[in-house]
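Below is one structure, written out as structure tokens; comments come after it.
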Amino acid sequence: MREVDLAEVFGLADDLGPAKVIQVHEPSLGLKAVLVVDNVARGPAIGGLRMAPDASVAECFRLARAMSMKNSAAGLAHGGGKSVLWGDPHMPRERKEALVRAFAHAVRNETDYIFGPDMGMDETAMAWVQDEIGRAVGLPAALGGIPLDQIGATGWGLRHAAEIAAPYRGVSLKGARVVIQGFGAVGKHAARFLAQQGAVLVAASDSKGTLVAAGGIDVEALINLKHEGGSVVDFASGDKRAVDAVIDVDCDIWIPAARPDVIREDNAARLRTKLMLQGANIPCTPGAEKLLHERGVLVVPDFIANAGGVICAALEYRGATQAAAFEAIAEKIRVNTAAVLSQVRDKGALPRQAAVELAERRIREAMSTRRFGIM
Ligand code: NAD
């Protein structure tokens, strides 16, 4: 965990939020966590719980805002929030369960926050939260949930964003060369759904390295390998390269699905792609997005392209079926991607600027109807 610089963190606050910030510290358990509830004008915040050893509080602020924007852009009656629990996500299960349960219990009265899964978390972890406080989404099917990471809700949304965005750069999904950075819950399903459209996975990476095969990678076989606990670099065929080498692979569609800020001003020029669909949250620095825009790389911003998981979660919270959730994801992401990209084409706007305007307009409309503004 990085030292907290309060000046930096609260310097990020503005008139949209955050509404509340809660730090949880329980030394006897080794529990350190933070919850940021950003904006709840549209309804209670939905946002993921992330377990990571190195996330910062400032990152949690930015991710909470990204959720406010994403939920608004997706047209959901929910605000945005995020929580970070510091620790190694691969710690023994008993310890992880104890920490997740203790954190959920500590924020049990914060009814403006509904837990969802994020990096280092899964459906089982959400079941622990549900058991503690009855306020979680992304639950296992056994608890009546729609297991969004198992079914690939976010990957399904990325596939629809790809279909709308591709013609803007003269790309056809059939035969499109796809690169995935981070072959986890988001990345592997994006690869699977895009392969069903005829796209070809030419590279995939995880925290151990990068697998490259210009002739195409068997997506189902790679998913099976990951399910067995292997890394992409354990795959039987293809070239094995360093983690960072995934940035240099020539392709039509590059999908970051790992960590924030992986593309920055210092490495953006290395990308050789026509489209970037942001599966991860905030994978590019603002400066890098500007550079990509100037180079003609069309970026579909995170909270437009990767909203599939949260749309699914919001529908689950209302008791909808999996089929209804998939239909809603496809419809909402197609409509929102088209709305943003038409602004980019007609007004020359940066994609993120167009997306932020769409989302912010909806949040401010909701705030104007609330008695206590953002509270
Ligand atoms: P995950 O933990 O299932 O997968 C992450 C993958 O990234 C793993 O394969 C890991 O090995 C790999 N990775 C880690 N560091 C890496 C690095 N430096 N280079 C390459 N690969 C690396 O997580 P996930 O649920 O797939 O989430 C990935 C990203 O997508 C996160 O930014 C998350 O916030 C975002 N996101 C997730 C969802 C969802 O539905 N799960 C929805 C929206 C956004």
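Identifiers for the structure tokens are assigned positionally: chains receive A, B, ... in sequence, residues are indexed from 1 per chain, and ligands are indexed from 1 in the order shown.
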
Report the closest atom pair, with its distance in Å rounded to one decimal, for each residue of chain A that has an atom no farther than 8 Å from ligand 1; count only C-alpha atoms and all ligand atoms, sort by chain and then rising residue number, and write it as a Markdown table.
```
| residue | atom | partner | partner_atom_place_in_ligand_line | distance |
| --- | --- | --- | --- | --- |
| A:Gly48 | CA | ligand 1 | 34 (O) | 7.5 |
| A:Arg50 | CA | ligand 1 | 34 (O) | 7.7 |
| A:Pro117 | CA | ligand 1 | 41 (N) | 6.5 |
| A:Asp118 | CA | ligand 1 | 25 (O) | 5.3 |
| A:Met119 | CA | ligand 1 | 23 (O) | 4.3 |
| A:Gly120 | CA | ligand 1 | 2 (O) | 5.1 |
| A:Met121 | CA | ligand 1 | 2 (O) | 7.3 |
| A:Leu148 | CA | ligand 1 | 40 (O) | 6.4 |
| A:Asp149 | CA | ligand 1 | 41 (N) | 5.7 |
| A:Gly152 | CA | ligand 1 | 40 (O) | 7.2 |
| A:Ala153 | CA | ligand 1 | 40 (O) | 6.4 |
| A:Thr154 | CA | ligand 1 | 40 (O) | 4.9 |
| A:Gly155 | CA | ligand 1 | 40 (O) | 7.7 |
| A:Gln181 | CA | ligand 1 | 20 (C) | 5.1 |
| A:Gly182 | CA | ligand 1 | 7 (O) | 3.4 |
| A:Phe183 | CA | ligand 1 | 9 (O) | 4.3 |
| A:Gly184 | CA | ligand 1 | 4 (O) | 3.3 |
| A:Ala185 | CA | ligand 1 | 26 (O) | 3.6 |
| A:Val186 | CA | ligand 1 | 26 (O) | 3.8 |
| A:Gly187 | CA | ligand 1 | 26 (O) | 5.8 |
| A:Lys188 | CA | ligand 1 | 26 (O) | 7.9 |
| A:Ser205 | CA | ligand 1 | 20 (C) | 5.0 |
| A:Asp206 | CA | ligand 1 | 21 (N) | 3.4 |
| A:Ser207 | CA | ligand 1 | 11 (O) | 3.9 |
| A:Lys208 | CA | ligand 1 | 11 (O) | 6.7 |
| A:Gly209 | CA | ligand 1 | 20 (C) | 6.9 |
| A:Thr210 | CA | ligand 1 | 20 (C) | 7.7 |
| A:Ser231 | CA | ligand 1 | 11 (O) | 7.7 |
| A:Val243 | CA | ligand 1 | 19 (N) | 5.5 |
| A:Asp244 | CA | ligand 1 | 19 (N) | 6.6 |
| A:Val246 | CA | ligand 1 | 20 (C) | 7.9 |
| A:Pro256 | CA | ligand 1 | 29 (C) | 7.7 |
| A:Ala257 | CA | ligand 1 | 29 (C) | 4.5 |
| A:Ala258 | CA | ligand 1 | 7 (O) | 3.9 |
| A:Arg259 | CA | ligand 1 | 32 (O) | 4.8 |
| A:Pro260 | CA | ligand 1 | 32 (O) | 6.1 |
| A:Val262 | CA | ligand 1 | 18 (N) | 7.5 |
| A:Gly279 | CA | ligand 1 | 30 (O) | 5.3 |
| A:Ala280 | CA | ligand 1 | 30 (O) | 3.5 |
| A:Asn281 | CA | ligand 1 | 32 (O) | 4.5 |
| A:Ile282 | CA | ligand 1 | 32 (O) | 7.3 |
| A:Pro283 | CA | ligand 1 | 32 (O) | 7.2 |
| A:Asp302 | CA | ligand 1 | 44 (C) | 7.4 |
| A:Phe303 | CA | ligand 1 | 43 (C) | 7.9 |
| A:Asn306 | CA | ligand 1 | 43 (C) | 4.9 |
| A:Ala307 | CA | ligand 1 | 43 (C) | 6.1 |
| A:Gly308 | CA | ligand 1 | 42 (C) | 6.8 |
| A:Gly309 | CA | ligand 1 | 40 (O) | 4.2 |
| A:Val310 | CA | ligand 1 | 42 (C) | 6.8 |
```

(message) Can you pull out the residues contacting Ala288 of chain A? Cut-off 9 Å, using only C-alpha atoms, and skip same-chain residues under 3 positions away; I want them as a list in words.
(response) Ile263, Arg264, Glu265, Asp266, Asn267, Ala268, Ala269, Cys284, Thr285, Leu291, Leu292 and His293 of chain A

Print the selection's residues with N, CA and C atoms to a file, as a compact mmCIF listing (two decimals), in the first residue's frame.
```
# COMPACT_ATOMS: atom_id res chain seq x y z
N ILE A 263 -0.90 2.45 -20.92
CA ILE A 263 -0.46 3.21 -22.08
C ILE A 263 -0.33 4.68 -21.65
N ARG A 264 0.88 5.17 -21.84
CA ARG A 264 1.22 6.51 -21.37
C ARG A 264 1.90 7.27 -22.53
N GLU A 265 2.21 8.55 -22.26
CA GLU A 265 2.86 9.35 -23.30
C GLU A 265 4.16 8.68 -23.77
N ASP A 266 4.86 8.00 -22.85
CA ASP A 266 6.17 7.45 -23.21
C ASP A 266 6.09 6.15 -24.02
N ASN A 267 4.92 5.48 -24.07
CA ASN A 267 4.87 4.23 -24.86
C ASN A 267 3.72 4.19 -25.87
N ALA A 268 2.90 5.27 -25.93
CA ALA A 268 1.73 5.25 -26.83
C ALA A 268 2.14 5.08 -28.29
N ALA A 269 3.31 5.63 -28.64
CA ALA A 269 3.75 5.57 -30.05
C ALA A 269 4.08 4.14 -30.48
N CYS A 284 -5.36 4.13 -20.10
CA CYS A 284 -4.51 5.13 -20.78
C CYS A 284 -4.47 6.40 -19.97
N THR A 285 -3.34 7.06 -19.95
CA THR A 285 -3.30 8.41 -19.38
C THR A 285 -4.00 9.35 -20.37
N LEU A 291 -2.59 11.60 -27.83
CA LEU A 291 -1.61 11.19 -28.85
C LEU A 291 -2.23 10.16 -29.81
N LEU A 292 -2.98 9.21 -29.26
CA LEU A 292 -3.59 8.18 -30.10
C LEU A 292 -4.62 8.80 -31.05
N HIS A 293 -5.40 9.75 -30.53
CA HIS A 293 -6.40 10.45 -31.34
C HIS A 293 -5.72 11.14 -32.52
```

(request) Rank nothing, just name the residue among A:Arg318, A:Lys274, A:Lys82, A:Arg42 nearest to Arg364 of chain A, using only C-alpha atoms. (result) A:Arg42

(message) When you look at Phe115 of chain A with a cut-off of 8 Å (counting only C-alpha atoms), what residues show up, excluding the ones that are within fewer than 2 positions of it in the same chain? I need them as a PyMOL selection string.
(response) chain A and resi 46-49+113+117+126+129+135-137

Hey, could you make a per-residue contact list for segment 106-158 of chain A against segment 16-30 of chain A with 10 Å as the cut-off, showing the nearest pair of atoms and its distance in Å to one decimal, counting only C-alpha atoms, sorted by chain and number, as a Markdown table?
```
| residue | atom | partner | partner_atom | distance |
| --- | --- | --- | --- | --- |
| A:Ala106 | CA | A:Val24 | CA | 7.0 |
| A:Val107 | CA | A:Ile22 | CA | 8.1 |
| A:Glu110 | CA | A:Ile22 | CA | 9.2 |
| A:Asp112 | CA | A:Lys20 | CA | 9.5 |
```

Expected file contents, prior selection, N, CA, C and O atoms, as a PDB file, in the first residue's frame:
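In the end it all went to again-v2.pdb:
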```
ATOM      1  N   ALA A 106     -17.583  -3.953   8.220  1.00  0.00           N
ATOM      2  CA  ALA A 106     -17.226  -2.610   8.681  1.00  0.00           C
ATOM      3  C   ALA A 106     -18.020  -1.523   7.951  1.00  0.00           C
ATOM      4  O   ALA A 106     -18.279  -0.459   8.517  1.00  0.00           O
ATOM      5  N   VAL A 107     -18.406  -1.777   6.715  1.00  0.00           N
ATOM      6  CA  VAL A 107     -19.140  -0.741   5.954  1.00  0.00           C
ATOM      7  C   VAL A 107     -20.615  -1.144   5.768  1.00  0.00           C
ATOM      8  O   VAL A 107     -21.282  -0.687   4.849  1.00  0.00           O
ATOM      9  N   GLU A 110     -23.255   1.534   5.255  1.00  0.00           N
ATOM     10  CA  GLU A 110     -23.130   2.437   4.101  1.00  0.00           C
ATOM     11  C   GLU A 110     -24.044   1.917   2.975  1.00  0.00           C
ATOM     12  O   GLU A 110     -23.583   1.325   1.999  1.00  0.00           O
ATOM     13  N   ASP A 112     -25.509   3.289   0.687  1.00  0.00           N
ATOM     14  CA  ASP A 112     -25.360   3.899  -0.636  1.00  0.00           C
ATOM     15  C   ASP A 112     -24.331   3.164  -1.489  1.00  0.00           C
ATOM     16  O   ASP A 112     -23.995   3.630  -2.572  1.00  0.00           O
TER      17      ASP A 112
END
```

Polymer residues at most 9 Å from Trp156 of chain A, only C-alpha atoms, same-chain spacing of 2 or more positions, as a compact mmCIF listing (two decimals) with C-alpha atoms, in the first residue's frame:
```txt
# COMPACT_ATOMS: atom_id res chain seq x y z
CA ILE A 151 -20.58 -15.80 -18.48
CA GLY A 152 -18.37 -12.95 -19.69
CA ALA A 153 -20.78 -10.01 -19.45
CA THR A 154 -18.05 -7.41 -19.98
CA LEU A 158 -16.74 -5.30 -25.77
CA ARG A 159 -17.76 -7.47 -28.71
CA HIS A 160 -20.72 -5.14 -29.40
CA ALA A 161 -18.59 -2.01 -28.98
CA HIS A 189 -14.36 -13.61 -22.89
CA ALA A 190 -13.75 -10.64 -25.18
CA ARG A 192 -14.05 -15.69 -27.23
CA PHE A 193 -16.97 -13.51 -28.38
CA LEU A 194 -14.83 -11.74 -30.99
CA GLY A 308 -21.29 -4.89 -19.70
CA GLY A 309 -20.45 -6.11 -16.22
CA PHE A 326 -27.23 -10.00 -22.34
CA ILE A 329 -25.85 -5.09 -22.54
CA ALA A 330 -25.90 -5.42 -26.32
```

(request) Just the residues within 6 Å of Thr273 of chain A, please, counting only C-alpha atoms, with nothing from its chain fewer than 5 positions along; format it as number ranges by chain. (result) A: 251-253
